[in-house]
Amino acid sequence: MRFDGFAGNNDVKQQLSAAIDSGRFPHALLIEGPPGSGKKTLARLLVKAAVCTGAGEKPCGVCAACRKVDSGHPDVTWLCGDGTQKSLNVAAVRALREDAAVLPNEAARKVIILADADPMNPQAQNALLKILEEPPAYMLFILTVESRAKMLPTVQSRCITVSLHGVTDEEALPVLRPQFPTLSEQDLLDRIRLFSGCIGAVLQSAEDEQFSKAIDLIDTIARAIIAPQEVTLLTAFAPLERDKPLTDTVLAGLKFVLRDALAISIGDPDLTISVSPEAARMLAASLPKRALRDAIAVIDDLQTSRKRNMNQTLLLTVACARLREAAGR
């Protein structure tokens, strides 16, 4: 299978190619990954591969079927969640089940994509399960979610799951350099690392000012870690209460700042790569090496908890308590 325009994630590419190139196209795929990791890009490539009529490796990208996927293919249905359960409720899923019973118009397969399926409640998932258990031979279902943990175990068991992750600097730079021609290489690397190698998130940051907002919060929180009053840190974390993607970005940035502070503390400031060097120098001057190492470990734990979909309010409360404890406050 060809993966034009989809950088990195070679483990996923190998897994999918092994199945698809041998003709064993799964009937249901669950694609999980953080925001901007390329879930929809991969889904679109898989859709093209499923309906492609060109010769050789698929998708060819040039046959009529491949082109129609971009403009509107009669055998391809996209249903995108809007962050609520409204667009992916039981009624919507039942309508999809009825549509799935109709034979394809042109292609050998019919494809239904439920993008951003995270808001689906158990009732909607159970409605979907009925068609996943005994799908028509021509059907392909693709679901994209931030975390498979949001899907019922019974739904997961009916799907082949692939997990996307951020790509390396070397993989991201060639893709992003044309999009950010005025940025220096170091500034672009900072942005890539801040968004954990998720190319889509980096691109989106240029449009919605997420990057500048994240930089300000990282600097504010880093300084609040050593503030005398706990309320200062609680207030600094407050803007993250309802923004999980921004939380991921800020946690990644805080780790960079703390690592820089540790590098400065051990006498190797040339290692600094963070987006807030002044905050790193302040932390290095205020905290001992052990405290900085402990704070980095706290951030690691918080990132793991985020991936497991920990309650956001609880996550931020734990963040405040443990970072202050690490700092000896």
# chains A, B, ... in the order shown; residues from 1 in each chain; ligands from 1
>>> select_by_dssp(residues="region 10-254 of chain A", states="alpha helix (DSSP H)", output="ChimeraX atom specification")
/A:10-20,39-51,64-71,90-100,122-133,153-157,169-176,185-194,199-208,210-224,230-237,244-254
>>> select_by_dssp(residues="region 105-188 of chain A", states="strand (DSSP E)", output="list in words")
Lys110, Val111, Ile112, Ile113, Leu114, Ala115, Met139, Leu140, Phe141, Ile142, Leu143, Thr144, Val145, Ile160, Thr161, Val162 and Ser163 of chain A
>>> write_last_selection(atoms="N, CA and C atoms", output="short mmCIF file (atom, residue, chain, number, x, y, z; two decimals), in the first residue's frame")
data_model
loop_
_atom_site.label_atom_id
_atom_site.label_comp_id
_atom_site.auth_asym_id
_atom_site.auth_seq_id
_atom_site.Cartn_x
_atom_site.Cartn_y
_atom_site.Cartn_z
N LYS A 110 -17.97 -0.76 -0.11
CA LYS A 110 -18.66 0.42 0.40
C LYS A 110 -17.97 0.80 1.71
N VAL A 111 -17.70 2.10 1.92
CA VAL A 111 -16.93 2.52 3.07
C VAL A 111 -17.71 3.55 3.87
N ILE A 112 -17.75 3.35 5.19
CA ILE A 112 -18.35 4.32 6.10
C ILE A 112 -17.28 4.73 7.11
N ILE A 113 -17.06 6.03 7.21
CA ILE A 113 -16.05 6.56 8.12
C ILE A 113 -16.74 7.35 9.22
N LEU A 114 -16.51 6.97 10.47
CA LEU A 114 -16.98 7.72 11.62
C LEU A 114 -15.77 8.42 12.22
N ALA A 115 -15.55 9.66 11.80
CA ALA A 115 -14.39 10.42 12.25
C ALA A 115 -14.70 11.14 13.56
N MET A 139 -18.51 -4.36 3.00
CA MET A 139 -18.44 -3.18 3.86
C MET A 139 -17.06 -3.00 4.50
N LEU A 140 -16.69 -1.75 4.62
CA LEU A 140 -15.51 -1.36 5.40
C LEU A 140 -15.90 -0.21 6.30
N PHE A 141 -15.68 -0.37 7.60
CA PHE A 141 -15.93 0.69 8.56
C PHE A 141 -14.58 1.21 9.07
N ILE A 142 -14.46 2.53 9.14
CA ILE A 142 -13.26 3.15 9.71
C ILE A 142 -13.70 4.13 10.78
N LEU A 143 -13.21 3.95 12.00
CA LEU A 143 -13.50 4.85 13.11
C LEU A 143 -12.20 5.52 13.53
N THR A 144 -12.26 6.83 13.80
CA THR A 144 -11.09 7.52 14.34
C THR A 144 -11.44 8.09 15.71
N VAL A 145 -10.54 7.89 16.66
CA VAL A 145 -10.74 8.36 18.03
C VAL A 145 -9.40 8.82 18.60
N ILE A 160 -9.88 -3.96 13.91
CA ILE A 160 -8.42 -3.96 13.93
C ILE A 160 -8.00 -2.55 14.35
N THR A 161 -7.23 -2.44 15.42
CA THR A 161 -6.85 -1.13 15.94
C THR A 161 -5.42 -0.79 15.56
N VAL A 162 -5.22 0.43 15.07
CA VAL A 162 -3.87 0.94 14.83
C VAL A 162 -3.71 2.24 15.62
N SER A 163 -2.54 2.41 16.20
CA SER A 163 -2.28 3.56 17.07
C SER A 163 -1.25 4.48 16.43
#
>>> closest_atom_pairs(of="region 213-327 of chain A", to="region 27-34 of chain A", cutoff="9 Å", atoms="only C-alpha atoms", output="CSV")
residue,atom,partner,partner_atom,distance
A:Pro245,CA,A:Pro34,CA,8.1
A:Asp248,CA,A:Pro34,CA,8.9
A:Lys307,CA,A:Pro34,CA,8.4
>>> closest_residue(among="A:Leu79, A:Ala43, A:Cys198, A:Leu258", to="Arg223 (chain A)", atoms="only C-alpha atoms")
A:Leu258
>>> residues_around(residues="Ala206 (chain A)", least_positions_apart="2", cutoff="12 Å", atoms="only C-alpha atoms", output="ChimeraX atom specification")
/A:176,179-180,183,188,191-192,199-204,208-213
>>> write_last_selection(atoms="N, CA and C atoms", output="PDB file, in the first residue's frame")
ATOM      1  N   LEU A 176       6.852  20.134   6.924  1.00  0.00           N
ATOM      2  CA  LEU A 176       6.439  21.422   7.473  1.00  0.00           C
ATOM      3  C   LEU A 176       7.243  22.610   6.956  1.00  0.00           C
ATOM      4  N   GLN A 179       5.522  24.956   4.655  1.00  0.00           N
ATOM      5  CA  GLN A 179       4.386  25.640   5.273  1.00  0.00           C
ATOM      6  C   GLN A 179       4.816  26.784   6.188  1.00  0.00           C
ATOM      7  N   PHE A 180       6.087  26.760   6.626  1.00  0.00           N
ATOM      8  CA  PHE A 180       6.591  27.793   7.539  1.00  0.00           C
ATOM      9  C   PHE A 180       7.911  28.341   7.001  1.00  0.00           C
ATOM     10  N   LEU A 183      10.148  30.767   9.298  1.00  0.00           N
ATOM     11  CA  LEU A 183      10.653  30.329  10.600  1.00  0.00           C
ATOM     12  C   LEU A 183      12.072  29.785  10.463  1.00  0.00           C
ATOM     13  N   LEU A 188      11.153  26.195  14.148  1.00  0.00           N
ATOM     14  CA  LEU A 188      10.270  25.158  13.623  1.00  0.00           C
ATOM     15  C   LEU A 188      10.393  23.883  14.447  1.00  0.00           C
ATOM     16  N   ARG A 191       8.462  24.196  17.589  1.00  0.00           N
ATOM     17  CA  ARG A 191       7.029  24.029  17.362  1.00  0.00           C
ATOM     18  C   ARG A 191       6.683  22.548  17.190  1.00  0.00           C
ATOM     19  N   ILE A 192       7.510  21.819  16.449  1.00  0.00           N
ATOM     20  CA  ILE A 192       7.284  20.387  16.254  1.00  0.00           C
ATOM     21  C   ILE A 192       7.317  19.657  17.593  1.00  0.00           C
ATOM     22  N   ILE A 199       2.013  16.478  13.136  1.00  0.00           N
ATOM     23  CA  ILE A 199       2.111  17.444  12.047  1.00  0.00           C
ATOM     24  C   ILE A 199       0.832  18.248  11.882  1.00  0.00           C
ATOM     25  N   GLY A 200      -0.304  17.593  11.975  1.00  0.00           N
ATOM     26  CA  GLY A 200      -1.569  18.305  11.832  1.00  0.00           C
ATOM     27  C   GLY A 200      -1.755  19.370  12.891  1.00  0.00           C
ATOM     28  N   ALA A 201      -1.327  19.081  14.115  1.00  0.00           N
ATOM     29  CA  ALA A 201      -1.454  20.059  15.191  1.00  0.00           C
ATOM     30  C   ALA A 201      -0.540  21.251  14.958  1.00  0.00           C
ATOM     31  N   VAL A 202       0.648  21.002  14.415  1.00  0.00           N
ATOM     32  CA  VAL A 202       1.566  22.100  14.099  1.00  0.00           C
ATOM     33  C   VAL A 202       0.952  22.996  13.027  1.00  0.00           C
ATOM     34  N   LEU A 203       0.384  22.382  11.994  1.00  0.00           N
ATOM     35  CA  LEU A 203      -0.247  23.165  10.930  1.00  0.00           C
ATOM     36  C   LEU A 203      -1.423  23.974  11.466  1.00  0.00           C
ATOM     37  N   GLN A 204      -2.222  23.358  12.331  1.00  0.00           N
ATOM     38  CA  GLN A 204      -3.376  24.047  12.895  1.00  0.00           C
ATOM     39  C   GLN A 204      -2.955  25.208  13.765  1.00  0.00           C
ATOM     40  N   ASP A 208      -4.864  29.007  14.329  1.00  0.00           N
ATOM     41  CA  ASP A 208      -5.721  29.368  15.458  1.00  0.00           C
ATOM     42  C   ASP A 208      -4.975  29.978  16.645  1.00  0.00           C
ATOM     43  N   GLU A 209      -3.720  30.353  16.433  1.00  0.00           N
ATOM     44  CA  GLU A 209      -2.916  31.008  17.466  1.00  0.00           C
ATOM     45  C   GLU A 209      -2.722  30.117  18.696  1.00  0.00           C
ATOM     46  N   GLN A 210      -2.891  28.822  18.524  1.00  0.00           N
ATOM     47  CA  GLN A 210      -2.713  27.892  19.631  1.00  0.00           C
ATOM     48  C   GLN A 210      -1.267  27.912  20.127  1.00  0.00           C
ATOM     49  N   PHE A 211      -0.339  28.102  19.211  1.00  0.00           N
ATOM     50  CA  PHE A 211       1.071  28.076  19.583  1.00  0.00           C
ATOM     51  C   PHE A 211       1.406  29.209  20.542  1.00  0.00           C
ATOM     52  N   SER A 212       1.022  30.432  20.186  1.00  0.00           N
ATOM     53  CA  SER A 212       1.338  31.571  21.049  1.00  0.00           C
ATOM     54  C   SER A 212       0.625  31.460  22.391  1.00  0.00           C
ATOM     55  N   LYS A 213      -0.600  30.921  22.380  1.00  0.00           N
ATOM     56  CA  LYS A 213      -1.326  30.730  23.633  1.00  0.00           C
ATOM     57  C   LYS A 213      -0.613  29.715  24.515  1.00  0.00           C
TER      58      LYS A 213
END
>>> residues_around(residues="Val257 (chain A)", least_positions_apart="6", cutoff="12 Å", atoms="only C-alpha atoms", output="PyMOL selection string")
chain A and resi 190+193-194+215+218-223+225+250-251+263-264+269+271-284+292-293+295-296+299
>>> atom_distance(atom1="CA of Thr313 (chain A)", atom2="CA of Leu246 (chain A)")
14.1 Å
>>> residues_around(residues="Phe237 (chain A)", least_positions_apart="2", cutoff="12 Å", atoms="only C-alpha atoms", output="count of residues only")
39
>>> closest_residue(among="A:Pro135, A:Pro178, A:Gly54, A:Pro288", to="Cys159 (chain A)", atoms="only C-alpha atoms")
A:Pro135
>>> residues_around(residues="Leu129 (chain A)", least_positions_apart="6", cutoff="9 Å", atoms="only C-alpha atoms", output="list in words")
Thr154, Val155 and Arg158 of chain A
>>> residues_around(residues="Ala64 (chain A)", least_positions_apart="2", cutoff="9 Å", atoms="only C-alpha atoms", output="ChimeraX atom specification")
/A:52-54,61-62,66-69
>>> write_last_selection(atoms="C-alpha atoms", output="PDB file, in the first residue's frame")
ATOM      1  CA  CYS A  52      -9.060   2.166  -6.164  1.00  0.00           C
ATOM      2  CA  THR A  53      -9.370   0.678  -9.654  1.00  0.00           C
ATOM      3  CA  GLY A  54      -5.833   1.461 -10.792  1.00  0.00           C
ATOM      4  CA  GLY A  61      -4.214   8.339  -6.562  1.00  0.00           C
ATOM      5  CA  VAL A  62      -5.000   9.019 -10.226  1.00  0.00           C
ATOM      6  CA  CYS A  66      -9.372   7.775  -6.111  1.00  0.00           C
ATOM      7  CA  ARG A  67     -10.196  11.252  -7.385  1.00  0.00           C
ATOM      8  CA  LYS A  68     -13.843  10.848  -6.445  1.00  0.00           C
ATOM      9  CA  VAL A  69     -12.919  10.156  -2.820  1.00  0.00           C
TER      10      VAL A  69
END
>>> atom_distance(atom1="CA of Asp116 (chain A)", atom2="CA of Cys80 (chain A)")
5.9 Å
>>> atom_distance(atom1="CA of Ala101 (chain A)", atom2="CA of Val76 (chain A)")
13.5 Å
>>> closest_residue(among="A:Pro74, A:Gly23, A:Leu88, A:Ala117", to="Asn105 (chain A)", atoms="only C-alpha atoms")
A:Pro74
